[in-house]
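Shown next: input_0.cif, given as mmCIF, C-alpha atoms.
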data_structure
loop_
_atom_site.label_atom_id
_atom_site.label_comp_id
_atom_site.auth_asym_id
_atom_site.auth_seq_id
_atom_site.Cartn_x
_atom_site.Cartn_y
_atom_site.Cartn_z
CA MET A 1 -22.96 -68.64 -97.25
CA VAL A 2 -22.96 -68.89 -93.48
CA HIS A 3 -19.59 -69.38 -91.82
CA ARG A 4 -18.79 -71.06 -88.54
CA LEU A 5 -18.72 -68.42 -85.83
CA ASP A 6 -15.31 -69.42 -84.48
CA ASP A 7 -13.87 -68.64 -87.92
CA ARG A 8 -15.84 -65.38 -88.08
CA TYR A 9 -14.63 -64.44 -84.61
CA ARG A 10 -10.97 -65.14 -85.37
CA ALA A 11 -11.28 -62.97 -88.48
CA TYR A 12 -12.76 -60.18 -86.33
CA ILE A 13 -9.88 -60.40 -83.84
CA ALA A 14 -7.34 -60.37 -86.70
CA CYS A 15 -9.09 -57.24 -88.01
CA LEU A 16 -8.66 -55.55 -84.60
CA ASN A 17 -5.03 -56.59 -84.34
CA ARG A 18 -4.16 -55.04 -87.71
CA LYS A 19 -6.15 -51.89 -86.74
CA ASP A 20 -8.31 -52.27 -89.84
CA TRP A 21 -11.02 -49.79 -88.86
CA ILE A 22 -12.58 -49.86 -92.33
CA GLY A 23 -12.72 -53.66 -92.40
CA LEU A 24 -14.61 -53.54 -89.11
CA THR A 25 -17.76 -52.99 -91.20
CA ASP A 26 -17.59 -56.66 -92.24
CA HIS A 27 -17.61 -57.85 -88.63
CA VAL A 28 -19.80 -55.47 -86.63
CA ALA A 29 -23.45 -54.59 -87.27
CA ASP A 30 -24.49 -50.97 -87.80
CA ASP A 31 -26.72 -51.10 -84.72
CA VAL A 32 -24.36 -53.01 -82.42
CA ARG A 33 -24.99 -52.90 -78.67
CA TYR A 34 -22.14 -52.86 -76.15
CA ASN A 35 -23.06 -53.86 -72.59
CA ASP A 36 -26.74 -53.22 -73.37
CA GLU A 37 -26.08 -49.74 -74.75
CA LEU A 38 -26.79 -48.95 -78.43
CA VAL A 39 -23.39 -47.59 -79.51
CA GLY A 40 -23.64 -48.41 -83.22
CA LEU A 41 -20.74 -49.22 -85.52
CA THR A 42 -19.39 -45.66 -85.33
CA GLY A 43 -19.42 -45.61 -81.53
CA TYR A 44 -17.88 -49.07 -81.42
CA ARG A 45 -15.10 -48.06 -83.83
CA ASN A 46 -14.44 -44.85 -81.85
CA MET A 47 -14.10 -46.92 -78.67
CA LEU A 48 -11.55 -49.23 -80.31
CA VAL A 49 -9.57 -46.33 -81.78
CA ALA A 50 -9.48 -44.64 -78.36
CA ASP A 51 -8.29 -47.90 -76.76
CA HIS A 52 -5.46 -48.20 -79.30
CA ASP A 53 -4.49 -44.55 -78.79
CA ALA A 54 -4.34 -45.05 -75.03
CA ILE A 55 -2.50 -48.39 -75.39
CA PRO A 56 -0.12 -48.27 -78.38
CA ASP A 57 0.92 -51.94 -77.97
CA LEU A 58 -2.66 -53.23 -77.55
CA SER A 59 -3.08 -56.73 -78.97
CA PHE A 60 -5.95 -59.23 -78.59
CA ASP A 61 -4.97 -62.81 -77.73
CA ILE A 62 -7.66 -65.51 -77.54
CA GLU A 63 -7.11 -67.84 -74.56
CA LEU A 64 -10.42 -69.69 -74.68
CA LEU A 65 -13.13 -69.70 -77.34
CA MET A 66 -16.59 -71.28 -77.38
CA TYR A 67 -19.25 -70.89 -80.03
CA ASP A 68 -22.61 -72.13 -81.19
CA ASP A 69 -24.90 -71.06 -84.05
CA THR A 70 -25.59 -67.57 -82.67
CA HIS A 71 -23.10 -66.75 -79.89
CA VAL A 72 -19.38 -66.68 -79.17
CA ALA A 73 -17.81 -66.64 -75.70
CA SER A 74 -14.15 -65.69 -75.46
CA ARG A 75 -11.51 -65.18 -72.81
CA LEU A 76 -9.01 -62.65 -74.07
CA ARG A 77 -5.52 -62.00 -72.68
CA PHE A 78 -3.79 -58.64 -72.83
CA ASP A 79 -0.14 -57.90 -72.05
CA CYS A 80 0.31 -54.22 -72.71
CA THR A 81 1.49 -50.81 -71.60
CA PRO A 82 -1.20 -48.11 -71.28
CA LYS A 83 0.39 -44.66 -71.60
CA ALA A 84 -1.61 -42.94 -68.84
CA THR A 85 -4.90 -43.96 -67.19
CA PHE A 86 -6.85 -47.10 -68.09
CA LEU A 87 -10.29 -47.87 -66.59
CA GLY A 88 -9.66 -44.93 -64.30
CA LEU A 89 -6.43 -46.46 -62.97
CA ASP A 90 -3.09 -44.63 -63.14
CA VAL A 91 -1.06 -47.16 -65.12
CA ASN A 92 1.32 -44.53 -66.55
CA GLY A 93 3.41 -46.69 -68.85
CA ARG A 94 3.74 -49.73 -66.61
CA ARG A 95 3.36 -53.13 -68.24
CA ILE A 96 0.22 -54.96 -67.12
CA SER A 97 -1.40 -58.30 -67.87
CA PHE A 98 -5.12 -58.85 -67.61
CA THR A 99 -8.05 -60.76 -69.07
CA GLU A 100 -11.47 -60.01 -70.49
CA ASN A 101 -14.37 -62.48 -70.45
CA VAL A 102 -16.76 -61.52 -73.22
CA PHE A 103 -19.88 -62.79 -74.96
CA TYR A 104 -21.00 -61.88 -78.48
CA ARG A 105 -24.34 -62.39 -80.20
CA PHE A 106 -24.09 -62.57 -83.99
CA ASP A 107 -26.66 -61.64 -86.60
CA GLY A 108 -25.46 -63.65 -89.58
CA ASP A 109 -21.76 -62.88 -90.01
CA ARG A 110 -21.74 -59.71 -87.91
CA ILE A 111 -21.60 -58.95 -84.19
CA LYS A 112 -24.89 -57.54 -82.98
CA ALA A 113 -24.32 -57.40 -79.20
CA VAL A 114 -21.32 -57.58 -76.86
CA TRP A 115 -21.29 -58.24 -73.10
CA SER A 116 -17.77 -57.62 -71.85
CA ILE A 117 -16.14 -57.63 -68.43
CA ILE A 118 -12.48 -56.65 -68.01
CA ASP A 119 -10.62 -57.85 -64.91
CA LYS A 120 -10.04 -54.45 -63.33
CA ALA A 121 -9.27 -55.99 -59.92
CA ALA A 122 -6.32 -57.89 -61.45
CA ILE A 123 -4.88 -54.61 -62.78
CA GLU A 124 -5.36 -52.92 -59.40
CA ALA A 125 -3.48 -55.79 -57.71
CA GLN A 126 -0.55 -55.41 -60.14
CA LEU A 127 -0.38 -51.65 -59.61
CA GLU A 128 -0.36 -52.10 -55.83
CA GLN A 129 2.60 -54.49 -56.11
CA ALA A 130 4.59 -52.20 -58.40
CA MET B 1 -23.67 -91.88 -67.66
CA VAL B 2 -22.47 -88.58 -69.00
CA HIS B 3 -24.90 -85.68 -68.77
CA ARG B 4 -25.16 -82.61 -70.93
CA LEU B 5 -23.11 -79.85 -69.35
CA ASP B 6 -25.91 -77.28 -69.45
CA ASP B 7 -27.96 -79.62 -67.25
CA ARG B 8 -24.98 -80.24 -64.99
CA TYR B 9 -24.34 -76.51 -64.72
CA ARG B 10 -27.96 -75.65 -63.87
CA ALA B 11 -27.83 -78.33 -61.14
CA TYR B 12 -24.63 -76.72 -59.78
CA ILE B 13 -26.25 -73.27 -59.68
CA ALA B 14 -29.34 -74.71 -57.95
CA CYS B 15 -26.97 -76.28 -55.38
CA LEU B 16 -25.40 -72.86 -54.72
CA ASN B 17 -28.79 -71.16 -54.44
CA ARG B 18 -29.99 -73.59 -51.79
CA LYS B 19 -26.63 -73.23 -49.96
CA ASP B 20 -26.10 -77.00 -50.16
CA TRP B 21 -22.42 -77.01 -49.17
CA ILE B 22 -22.38 -80.81 -48.78
CA GLY B 23 -23.94 -81.37 -52.20
CA LEU B 24 -21.17 -79.24 -53.71
CA THR B 25 -19.06 -82.43 -53.71
CA ASP B 26 -21.16 -83.70 -56.63
CA HIS B 27 -20.40 -80.63 -58.73
CA VAL B 28 -16.85 -79.52 -57.95
CA ALA B 29 -13.66 -81.59 -58.27
CA ASP B 30 -11.41 -82.10 -55.23
CA ASP B 31 -8.53 -80.34 -57.01
CA VAL B 32 -10.52 -77.49 -58.56
CA ARG B 33 -8.65 -74.40 -59.76
CA TYR B 34 -10.11 -70.90 -59.46
CA ASN B 35 -8.55 -68.24 -61.69
CA ASP B 36 -5.49 -70.47 -62.19
CA GLU B 37 -4.99 -71.02 -58.44
CA LEU B 38 -5.36 -74.51 -56.95
CA VAL B 39 -7.93 -73.83 -54.23
CA GLY B 40 -9.39 -77.35 -53.97
CA LEU B 41 -12.96 -78.23 -53.02
CA THR B 42 -12.45 -77.04 -49.43
CA GLY B 43 -11.06 -73.68 -50.48
CA TYR B 44 -13.83 -73.29 -53.07
CA ARG B 45 -16.52 -74.12 -50.50
CA ASN B 46 -14.97 -71.69 -47.98
CA MET B 47 -15.05 -68.95 -50.62
CA LEU B 48 -18.74 -69.55 -51.32
CA VAL B 49 -19.63 -69.67 -47.62
CA ALA B 50 -17.77 -66.39 -47.06
CA ASP B 51 -19.62 -64.81 -50.01
CA HIS B 52 -22.98 -65.87 -48.56
CA ASP B 53 -22.01 -64.57 -45.12
CA ALA B 54 -21.04 -61.20 -46.59
CA ILE B 55 -24.15 -61.10 -48.83
CA PRO B 56 -27.12 -62.72 -47.02
CA ASP B 57 -29.44 -62.32 -50.06
CA LEU B 58 -26.90 -63.68 -52.57
CA SER B 59 -28.57 -65.54 -55.44
CA PHE B 60 -27.17 -66.75 -58.78
CA ASP B 61 -29.25 -65.95 -61.87
CA ILE B 62 -28.13 -67.28 -65.28
CA GLU B 63 -28.58 -64.64 -68.01
CA LEU B 64 -26.67 -66.41 -70.79
CA LEU B 65 -25.37 -69.98 -70.99
CA MET B 66 -23.20 -71.72 -73.58
CA TYR B 67 -21.74 -75.20 -73.42
CA ASP B 68 -19.90 -77.85 -75.36
CA ASP B 69 -18.53 -81.26 -74.37
CA THR B 70 -15.95 -79.94 -71.91
CA HIS B 71 -16.69 -76.28 -71.11
CA VAL B 72 -19.48 -74.00 -69.95
CA ALA B 73 -19.57 -70.21 -70.36
CA SER B 74 -22.09 -68.29 -68.32
CA ARG B 75 -23.14 -64.71 -67.71
CA LEU B 76 -24.55 -64.45 -64.19
CA ARG B 77 -26.67 -61.60 -62.80
CA PHE B 78 -26.69 -60.59 -59.15
CA ASP B 79 -29.11 -58.22 -57.43
CA CYS B 80 -28.10 -58.17 -53.81
CA THR B 81 -27.20 -56.27 -50.67
CA PRO B 82 -23.69 -56.84 -49.30
CA LYS B 83 -23.60 -56.03 -45.58
CA ALA B 84 -20.23 -54.22 -45.54
CA THR B 85 -17.37 -54.34 -48.07
CA PHE B 86 -17.45 -56.36 -51.29
CA LEU B 87 -14.42 -56.62 -53.61
CA GLY B 88 -12.84 -53.95 -51.42
CA LEU B 89 -15.72 -51.53 -52.03
CA ASP B 90 -17.76 -50.02 -49.19
CA VAL B 91 -21.22 -51.18 -50.17
CA ASN B 92 -22.56 -51.09 -46.59
CA GLY B 93 -26.03 -52.48 -47.11
CA ARG B 94 -26.84 -50.70 -50.36
CA ARG B 95 -28.61 -52.72 -53.06
CA ILE B 96 -26.40 -53.31 -56.11
CA SER B 97 -26.79 -55.08 -59.44
CA PHE B 98 -23.84 -56.54 -61.31
CA THR B 99 -22.77 -59.34 -63.61
CA GLU B 100 -20.11 -62.02 -63.73
CA ASN B 101 -18.77 -63.54 -66.96
CA VAL B 102 -17.34 -66.94 -66.14
CA PHE B 103 -15.91 -70.01 -67.87
CA TYR B 104 -15.81 -73.54 -66.43
CA ARG B 105 -13.86 -76.58 -67.55
CA PHE B 106 -15.47 -79.86 -66.54
CA ASP B 107 -13.84 -83.20 -65.86
CA GLY B 108 -16.74 -85.58 -66.37
CA ASP B 109 -19.62 -84.26 -64.27
CA ARG B 110 -17.54 -82.01 -62.05
CA ILE B 111 -16.02 -78.55 -62.38
CA LYS B 112 -12.24 -78.72 -62.62
CA ALA B 113 -11.35 -75.10 -63.39
CA VAL B 114 -13.09 -71.72 -63.18
CA TRP B 115 -12.09 -68.44 -64.84
CA SER B 116 -14.31 -65.72 -63.42
CA ILE B 117 -14.47 -61.95 -63.82
CA ILE B 118 -16.94 -59.86 -61.80
CA ASP B 119 -17.91 -56.42 -63.12
CA LYS B 120 -16.36 -54.36 -60.33
CA ALA B 121 -16.47 -51.16 -62.42
CA ALA B 122 -20.28 -51.44 -62.63
CA ILE B 123 -20.51 -51.62 -58.82
CA GLU B 124 -18.19 -48.62 -58.46
CA ALA B 125 -20.41 -46.64 -60.85
CA GLN B 126 -23.51 -47.47 -58.78
CA LEU B 127 -21.83 -46.48 -55.52
CA GLU B 128 -20.74 -43.15 -57.02
CA GLN B 129 -24.33 -42.40 -58.03
CA ALA B 130 -25.76 -43.32 -54.62
#

Representation of the structure as structure tokens:
Amino acid sequence: MVHRLDDRYRAYIACLNRKDWIGLTDHVADDVRYNDELVGLTGYRNMLVADHDAIPDLSFDIELLMYDDTHVASRLRFDCTPKATFLGLDVNGRRISFTENVFYRFDGDRIKAVWSIIDKAAIEAQLEQA
Amino acid sequence: MVHRLDDRYRAYIACLNRKDWIGLTDHVADDVRYNDELVGLTGYRNMLVADHDAIPDLSFDIELLMYDDTHVASRLRFDCTPKATFLGLDVNGRRISFTENVFYRFDGDRIKAVWSIIDKAAIEAQLEQA
């Protein structure tokens, strides 16, 4: 049975938010590409684990969601406290808020490709004000 | 008559690429918001003119486009040569390639709100290699 991709996507985000790294297999293809690089499920999982290690209060919040039969587009909001550096910036335990605009291509129920951009400039602006 | 938003969006991008700053009135609402700030049509036009001044070979290329009845999501590709600084980075006439992931909310045929993120980290990586 084929599910609507908005439902599939919300289930994927819920999986991330409960740090269910085993369940990720249901949502991400073995040969997933991230920003045009073949990282595979293992590389993708390692990236997420590293993000959660660096940001203990990391949580994914969907602000805007679009979908069709093959793709999802999402604007994600993060309010969190990276322990040290994040994207090369010295955050060092300050609380920051930023967004990510991201596209996903699905193959059936699983994510096959991700094109993500995080708003690094917004974080830089917050760190300059602090 | 209401048009499909993918057609409306492609017409908007064509308007930008021919630098038709008067025609922009047909595509952008008077009270448009850019990244949650009320910039208005005049502020939006000024921003685009400034971008084209800073980047004489600026051209918008749609890599991925999604739409529904009220929103468009687009991944744009830029291959261009900023004359001096861009996003605070000293590009100084080097050729760079980067993407923008951007959402638009339409009110009828015109863009009412834009949520844009440009991949600044990708530009930084290219400048470090140069």

Using only C-alpha atoms and a cut-off of 12 Å, which residues of chain A sit close to chain B? Please list them as a PyMOL selection string.
chain A and resi 35+63-76+86-89+98-105+114-125

Keeping only C-alpha atoms, take the residues you just selected and write them out as a tab-separated table (two decimals), in the coordinates of the input.
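The resulting file, again.tsv, is reproduced below:
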chain	number	residue	atom	x	y	z
A	35	ASN	CA	-23.06	-53.86	-72.59
A	63	GLU	CA	-7.11	-67.84	-74.56
A	64	LEU	CA	-10.42	-69.69	-74.68
A	65	LEU	CA	-13.13	-69.70	-77.34
A	66	MET	CA	-16.59	-71.28	-77.38
A	67	TYR	CA	-19.25	-70.89	-80.03
A	68	ASP	CA	-22.61	-72.13	-81.19
A	69	ASP	CA	-24.90	-71.06	-84.05
A	70	THR	CA	-25.59	-67.57	-82.67
A	71	HIS	CA	-23.10	-66.75	-79.89
A	72	VAL	CA	-19.38	-66.68	-79.17
A	73	ALA	CA	-17.81	-66.64	-75.70
A	74	SER	CA	-14.15	-65.69	-75.46
A	75	ARG	CA	-11.51	-65.18	-72.81
A	76	LEU	CA	-9.01	-62.65	-74.07
A	86	PHE	CA	-6.85	-47.10	-68.09
A	87	LEU	CA	-10.29	-47.87	-66.59
A	88	GLY	CA	-9.66	-44.93	-64.30
A	89	LEU	CA	-6.43	-46.46	-62.97
A	98	PHE	CA	-5.12	-58.85	-67.61
A	99	THR	CA	-8.05	-60.76	-69.07
A	100	GLU	CA	-11.47	-60.01	-70.49
A	101	ASN	CA	-14.37	-62.48	-70.45
A	102	VAL	CA	-16.76	-61.52	-73.22
A	103	PHE	CA	-19.88	-62.79	-74.96
A	104	TYR	CA	-21.00	-61.88	-78.48
A	105	ARG	CA	-24.34	-62.39	-80.20
A	114	VAL	CA	-21.32	-57.58	-76.86
A	115	TRP	CA	-21.29	-58.24	-73.10
A	116	SER	CA	-17.77	-57.62	-71.85
A	117	ILE	CA	-16.14	-57.63	-68.43
A	118	ILE	CA	-12.48	-56.65	-68.01
A	119	ASP	CA	-10.62	-57.85	-64.91
A	120	LYS	CA	-10.04	-54.45	-63.33
A	121	ALA	CA	-9.27	-55.99	-59.92
A	122	ALA	CA	-6.32	-57.89	-61.45
A	123	ILE	CA	-4.88	-54.61	-62.78
A	124	GLU	CA	-5.36	-52.92	-59.40
A	125	ALA	CA	-3.48	-55.79	-57.71

For the structure provided, state which residues fall under the PyMOL selection byres ((chain A and resi 60) around 8), and present them as a PDB file with C-alpha atoms, keeping the file's coordinate frame.
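Result went into expr25.pdb, see below:
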ATOM      1  CA  ILE A  13      -9.880 -60.400 -83.840  1.00  0.00           C
ATOM      2  CA  LEU A  16      -8.660 -55.550 -84.600  1.00  0.00           C
ATOM      3  CA  ASN A  17      -5.030 -56.590 -84.340  1.00  0.00           C
ATOM      4  CA  LEU A  58      -2.660 -53.230 -77.550  1.00  0.00           C
ATOM      5  CA  SER A  59      -3.080 -56.730 -78.970  1.00  0.00           C
ATOM      6  CA  ASP A  61      -4.970 -62.810 -77.730  1.00  0.00           C
ATOM      7  CA  ILE A  62      -7.660 -65.510 -77.540  1.00  0.00           C
ATOM      8  CA  LEU A  76      -9.010 -62.650 -74.070  1.00  0.00           C
ATOM      9  CA  ARG A  77      -5.520 -62.000 -72.680  1.00  0.00           C
ATOM     10  CA  PHE A  78      -3.790 -58.640 -72.830  1.00  0.00           C
TER      11      PHE A  78
END

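Between CA of Asp53 (chain B) and CA of Leu5 (chain B) the separation is 28.7 Å.
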
Determine, counting all atoms listed in the file, which protein, DNA and RNA residues have an atom within 12 Å of an atom of Asp57 (chain A); residues of the same chain fewer than 6 positions away are not included. Present the result as an MDAnalysis selection string.
chainID A and resid 17:19 51 78:83 93:96

Polymer residues at most 9 Å from Asp26 (chain B), only C-alpha atoms, same-chain spacing of 4 or more positions, as a list in words
Tyr12, Ile22, Asp109 and Arg110 of chain B

Expressed in Å to a single decimal, how great is the separation between CA of Thr42 (chain B) and CA of Asp30 (chain B)?
7.8 Å

Computed interatomic separation between CA of Arg10 (chain B) and CA of Leu48 (chain B) (Å):
16.7 Å

Quick one: everything within 8 Å of Ala84 (chain B), counting all atoms listed in the file, minus sequence neighbours fewer than 3 positions away in the same chain. Send it as a PyMOL selection string.
chain B and resi 54+90-93
